[in-house]
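Note: the block below is protein_24.cif and it holds mmCIF, C-alpha atoms and all ligand atoms.
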data_work
loop_
_atom_site.label_atom_id
_atom_site.label_comp_id
_atom_site.auth_asym_id
_atom_site.auth_seq_id
_atom_site.Cartn_x
_atom_site.Cartn_y
_atom_site.Cartn_z
CA MET A 182 252.03 -6.64 -26.13
CA SER A 183 252.75 -6.55 -22.47
CA LYS A 184 253.89 -3.44 -20.73
CA GLN A 185 256.38 -4.25 -17.99
CA ARG A 186 256.94 -1.46 -15.60
CA VAL A 187 260.33 -1.04 -14.01
CA SER A 188 260.03 -0.77 -10.30
CA ARG A 189 261.81 1.91 -8.35
CA ARG A 190 264.06 -0.76 -6.81
CA GLN A 191 265.01 -2.16 -10.24
CA PHE A 192 265.67 1.32 -11.60
CA LEU A 193 268.02 2.08 -8.69
CA ASN A 194 269.77 -1.26 -9.14
CA TYR A 195 270.38 -0.64 -12.86
CA THR A 196 271.54 2.91 -12.27
CA LEU A 197 273.92 2.08 -9.43
CA THR A 198 275.34 -0.91 -11.32
CA GLY A 199 275.96 1.23 -14.40
CA VAL A 200 277.57 4.09 -12.49
CA GLY A 201 279.63 1.68 -10.36
CA GLY A 202 280.88 -0.17 -13.44
CA PHE A 203 281.79 3.07 -15.16
CA MET A 204 283.75 4.28 -12.13
CA ALA A 205 285.51 0.91 -11.70
CA ALA A 206 286.57 0.93 -15.36
CA GLY A 207 287.91 4.46 -14.94
CA MET A 208 290.04 3.38 -12.00
CA LEU A 209 291.21 0.09 -13.48
CA MET A 210 292.23 1.34 -16.94
CA PRO A 211 295.35 3.27 -15.79
CA MET A 212 296.41 0.31 -13.61
CA VAL A 213 296.06 -2.16 -16.47
CA ARG A 214 297.91 0.15 -18.83
CA PHE A 215 300.71 0.64 -16.27
CA ALA A 216 301.04 -3.15 -15.85
CA VAL A 217 300.91 -4.03 -19.54
CA ASP A 218 303.06 -1.20 -20.97
CA PRO A 219 306.51 -2.70 -20.10
CA VAL A 220 305.45 -6.06 -21.57
CA LEU A 221 304.42 -4.45 -24.83
CA GLU A 222 307.60 -2.42 -24.97
CA ALA A 223 309.80 -5.47 -24.35
CA GLY A 224 307.98 -7.40 -27.06
CA GLY A 225 308.36 -4.59 -29.57
CA GLY A 226 312.02 -4.00 -28.77
CA GLY A 227 311.32 -0.38 -27.87
CA GLU A 228 310.59 2.52 -30.16
CA PHE A 229 313.33 4.37 -32.03
CA HIS A 230 313.02 7.88 -33.41
CA ALA A 231 314.81 9.21 -36.47
CA THR A 232 317.24 12.11 -36.14
CA LYS A 233 318.79 14.26 -38.86
CA GLN A 234 322.26 13.29 -37.65
CA LYS A 235 324.39 11.47 -40.21
CA VAL A 236 326.52 8.87 -38.47
CA ASP A 237 329.46 9.61 -40.82
CA GLU A 238 329.59 13.15 -39.50
CA LEU A 239 329.99 12.19 -35.84
CA THR A 240 333.38 12.91 -34.30
CA LYS A 241 335.05 12.30 -30.96
CA VAL A 242 333.67 15.63 -29.73
CA PRO A 243 330.15 15.38 -28.28
CA GLN A 244 327.66 17.24 -30.41
CA ARG A 245 324.11 18.20 -29.61
CA VAL A 246 321.46 16.30 -31.57
CA ASP A 247 317.87 17.55 -31.28
CA PHE A 248 315.09 15.35 -32.60
CA THR A 249 311.31 15.64 -32.68
CA TYR A 250 308.69 12.94 -32.92
CA GLU A 251 304.93 12.59 -32.65
CA GLN A 252 303.62 11.12 -29.41
CA LYS A 253 300.13 9.67 -29.16
CA ASP A 254 298.56 9.44 -25.73
CA ALA A 255 295.08 7.95 -26.15
CA TRP A 256 293.26 10.57 -28.26
CA TYR A 257 295.86 13.31 -27.74
CA THR A 258 298.74 13.77 -30.20
CA SER A 259 301.66 16.11 -29.56
CA ASP A 260 305.16 16.79 -30.87
CA VAL A 261 307.94 15.96 -28.43
CA THR A 262 311.46 17.34 -28.85
CA GLN A 263 314.40 15.66 -27.15
CA THR A 264 318.14 16.19 -27.13
CA ALA A 265 321.13 13.87 -27.01
CA TRP A 266 324.88 14.49 -26.77
CA VAL A 267 326.46 12.15 -29.29
CA TYR A 268 330.06 11.24 -30.13
CA LYS A 269 332.28 8.36 -31.19
CA ASP A 270 334.54 6.85 -28.56
CA ASP A 271 338.16 5.78 -29.12
CA LYS A 272 336.99 2.48 -30.64
CA GLY A 273 334.67 4.30 -33.03
CA GLU A 274 331.55 3.20 -31.13
CA ILE A 275 328.68 5.67 -30.98
CA VAL A 276 327.81 7.04 -27.54
CA ALA A 277 324.54 8.96 -27.10
CA LEU A 278 323.99 10.55 -23.70
CA SER A 279 320.88 12.09 -22.21
CA PRO A 280 321.34 15.78 -21.31
CA VAL A 281 319.10 15.46 -18.23
CA CYS A 282 321.11 16.07 -15.07
CA LYS A 283 320.73 13.28 -12.50
CA HIS A 284 320.61 15.79 -9.65
CA LEU A 285 317.40 17.75 -10.25
CA GLY A 286 316.86 17.41 -13.99
CA CYS A 287 318.43 20.54 -15.50
CA THR A 288 320.07 20.31 -18.92
CA VAL A 289 323.81 19.69 -19.12
CA ASN A 290 326.07 21.09 -21.83
CA TRP A 291 329.36 19.82 -23.18
CA GLU A 292 332.10 22.23 -22.03
CA GLY A 293 329.36 24.47 -20.67
CA ASP A 294 331.85 26.10 -18.33
CA LYS A 295 335.25 27.34 -19.48
CA ASN A 296 336.83 26.26 -16.21
CA HIS A 297 335.89 22.64 -16.88
CA PRO A 298 337.02 21.65 -20.37
CA ASN A 299 336.25 18.12 -21.61
CA GLN A 300 333.35 17.72 -19.21
CA PHE A 301 329.60 18.11 -19.22
CA PHE A 302 328.51 21.00 -17.02
CA CYS A 303 325.16 21.56 -15.33
CA PRO A 304 324.63 25.27 -14.64
CA CYS A 305 321.94 24.81 -12.01
CA HIS A 306 324.18 23.62 -9.17
CA MET A 307 327.59 23.31 -10.85
CA GLY A 308 327.22 19.59 -11.57
CA LEU A 309 329.97 17.92 -13.60
CA TYR A 310 330.17 14.74 -15.66
CA GLU A 311 333.01 13.06 -17.54
CA LYS A 312 332.74 12.56 -21.30
CA ASN A 313 331.24 9.06 -20.83
CA GLY A 314 328.56 10.51 -18.54
CA LYS A 315 330.17 9.51 -15.24
CA ASN A 316 329.26 11.97 -12.50
CA VAL A 317 332.26 13.73 -10.96
CA PRO A 318 332.48 12.99 -7.21
CA GLY A 319 332.10 16.05 -5.03
CA THR A 320 329.51 17.66 -7.31
CA PRO A 321 325.73 17.35 -6.70
CA PRO A 322 324.83 14.58 -9.21
CA THR A 323 324.99 11.10 -7.67
CA LYS A 324 324.50 9.01 -10.82
CA PRO A 325 325.90 8.98 -14.37
CA LEU A 326 323.94 10.47 -17.27
CA ASP A 327 321.53 8.03 -18.93
CA VAL A 328 322.39 6.62 -22.36
CA TYR A 329 320.18 6.36 -25.42
CA PRO A 330 319.99 3.00 -27.17
CA PHE A 331 320.50 3.65 -30.87
CA LYS A 332 320.17 2.17 -34.35
CA VAL A 333 321.62 3.29 -37.63
CA LYS A 334 319.22 3.33 -40.57
CA GLY A 335 320.23 4.60 -43.99
CA GLY A 336 323.26 6.30 -42.46
CA PHE A 337 321.15 8.27 -39.99
CA LEU A 338 321.05 7.95 -36.21
CA HIS A 339 317.84 6.69 -34.59
CA LEU A 340 317.46 6.99 -30.82
CA GLY A 341 315.37 5.01 -28.34
CA LYS A 342 314.29 5.65 -24.77
CA PRO A 343 317.14 6.62 -22.37
CA LYS A 344 318.32 3.89 -20.01
CA PRO A 345 320.70 3.83 -17.00
CA ASN A 346 324.31 4.31 -18.06
CA ASN A 347 326.09 0.99 -18.70
CA ILE A 348 329.35 2.34 -20.09
CA VAL A 349 330.98 3.86 -17.01
S1 LIG A 401 320.28 19.96 -11.44
FE1 LIG A 401 322.25 19.62 -12.25
S2 LIG A 401 323.54 19.96 -10.60
FE2 LIG A 401 321.59 20.29 -9.77
#

Please rewrite the model in this file as C-alpha cells.
Amino acid sequence: MSKQRVSRRQFLNYTLTGVGGFMAAGMLMPMVRFAVDPVLEAGGGGEFHATKQKVDELTKVPQRVDFTYEQKDAWYTSDVTQTAWVYKDDKGEIVALSPVCKHLGCTVNWEGDKNHPNQFFCPCHMGLYEKNGKNVPGTPPTKPLDVYPFKVKGGFLHLGKPKPNNIV
C-alpha cells in the first residue's frame, strides 16, 4: 500500500477550487431560478388558489374575498393571505380585482369614502378607481388595479396571480 502525500500546493488547489465552486453555485442559483421561473409558470398555466367564495353568491356589488394558501420557498413554508374585490359585471362575467393601489401599494376599499360612492377608495393619498379598476384621472394612481385570473371549480372561485388590467 502506497502512501501518497498531498503537497501544500495540491491542498491549496483543492481547497480553492472547492470554495470557488461553492461560491459560484451560490451566485448562479438565484439567476437560474429567476430565468427559469416564468417558463415553468407558462408551462403549468399558472397556479390557482381556492377561495371559500361561492360563485352563485356573487352580485354586481364588489365584495371582499380573502383567501389563504401555503407557499413553499425552498425549505421554508408559510401561509400567505391575499384579498380580491369580486363582482359580476352587467354581462354576468366575474371580475376579480387586486386591492393593491397602483400608487404606493396601500389597500383600496369599495366605497371606502362616503363622498365617493360606486368607486374604490385608497385612504393613503385619496386615490380613486372606477368599479372596473380604472384609475380616476387627477388622483395619485396612474394605472388601473390589477385583475386576478380565475377558475370556477365545484361552484367555488379559484384565483391566480394578479395581472395588468385588461378590462378597462
Ligand atoms: S397609495 Fe393609494 S393613493 Fe397613494

inquiry  = Set the distance at 9 Å and use all atoms listed in the file: which residues neighbour Thr323 in chain A once local chain neighbours fewer than 3 positions away are removed? I'd like the list as a PyMOL selection string.
reply    = chain A and resi 283-284+316-318+320

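With only the atoms specified (all atoms listed in the file) counting, those residues at most 7 Å away from (325.4, 9.0, -31.7) are Val236, Leu239, Val267, Tyr268, Lys269, Ile275, Val276, Ala277 and Leu338 of chain A.
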
Please, which residues have at least one atom within 6 Å of an atom of ligand LIG 401 (chain A), using only C-alpha atoms and all ligand atoms, listed as an mmCIF file with C-alpha atoms, in the coordinates of the input?
data_model
loop_
_atom_site.group_PDB
_atom_site.id
_atom_site.type_symbol
_atom_site.label_atom_id
_atom_site.label_comp_id
_atom_site.auth_asym_id
_atom_site.auth_seq_id
_atom_site.Cartn_x
_atom_site.Cartn_y
_atom_site.Cartn_z
ATOM 1 C CA CYS A 282 321.110 16.070 -15.070
ATOM 2 C CA HIS A 284 320.610 15.790 -9.650
ATOM 3 C CA LEU A 285 317.400 17.750 -10.250
ATOM 4 C CA GLY A 286 316.860 17.410 -13.990
ATOM 5 C CA CYS A 287 318.430 20.540 -15.500
ATOM 6 C CA CYS A 303 325.160 21.560 -15.330
ATOM 7 C CA CYS A 305 321.940 24.810 -12.010
ATOM 8 C CA HIS A 306 324.180 23.620 -9.170
ATOM 9 C CA MET A 307 327.590 23.310 -10.850
ATOM 10 C CA GLY A 308 327.220 19.590 -11.570
ATOM 11 C CA PRO A 321 325.730 17.350 -6.700
ATOM 12 C CA PRO A 322 324.830 14.580 -9.210
#

Tell me which protein, DNA and RNA residues are within 10 Å of Pro325 in chain A, counting only C-alpha atoms, leaving out same-chain ones fewer than 4 positions away, and put them as a list in words.
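Surrounding residues, per the criterion: Leu278, Ser279, Cys282, Lys283, His284, Leu309, Tyr310, Glu311, Asn313, Gly314, Lys315, Asn316, Val317, Pro345, Asn346, Asn347, Ile348 and Val349 of chain A.
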
Selected residue of minimal separation from Tyr250 in chain A among A:Arg189, A:Lys332, A:His339, A:His297, counting all atoms listed in the file: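 Between A:Arg189, A:Lys332, A:His339, A:His297, the residue approaching Tyr250 in chain A most closely is A:His339.
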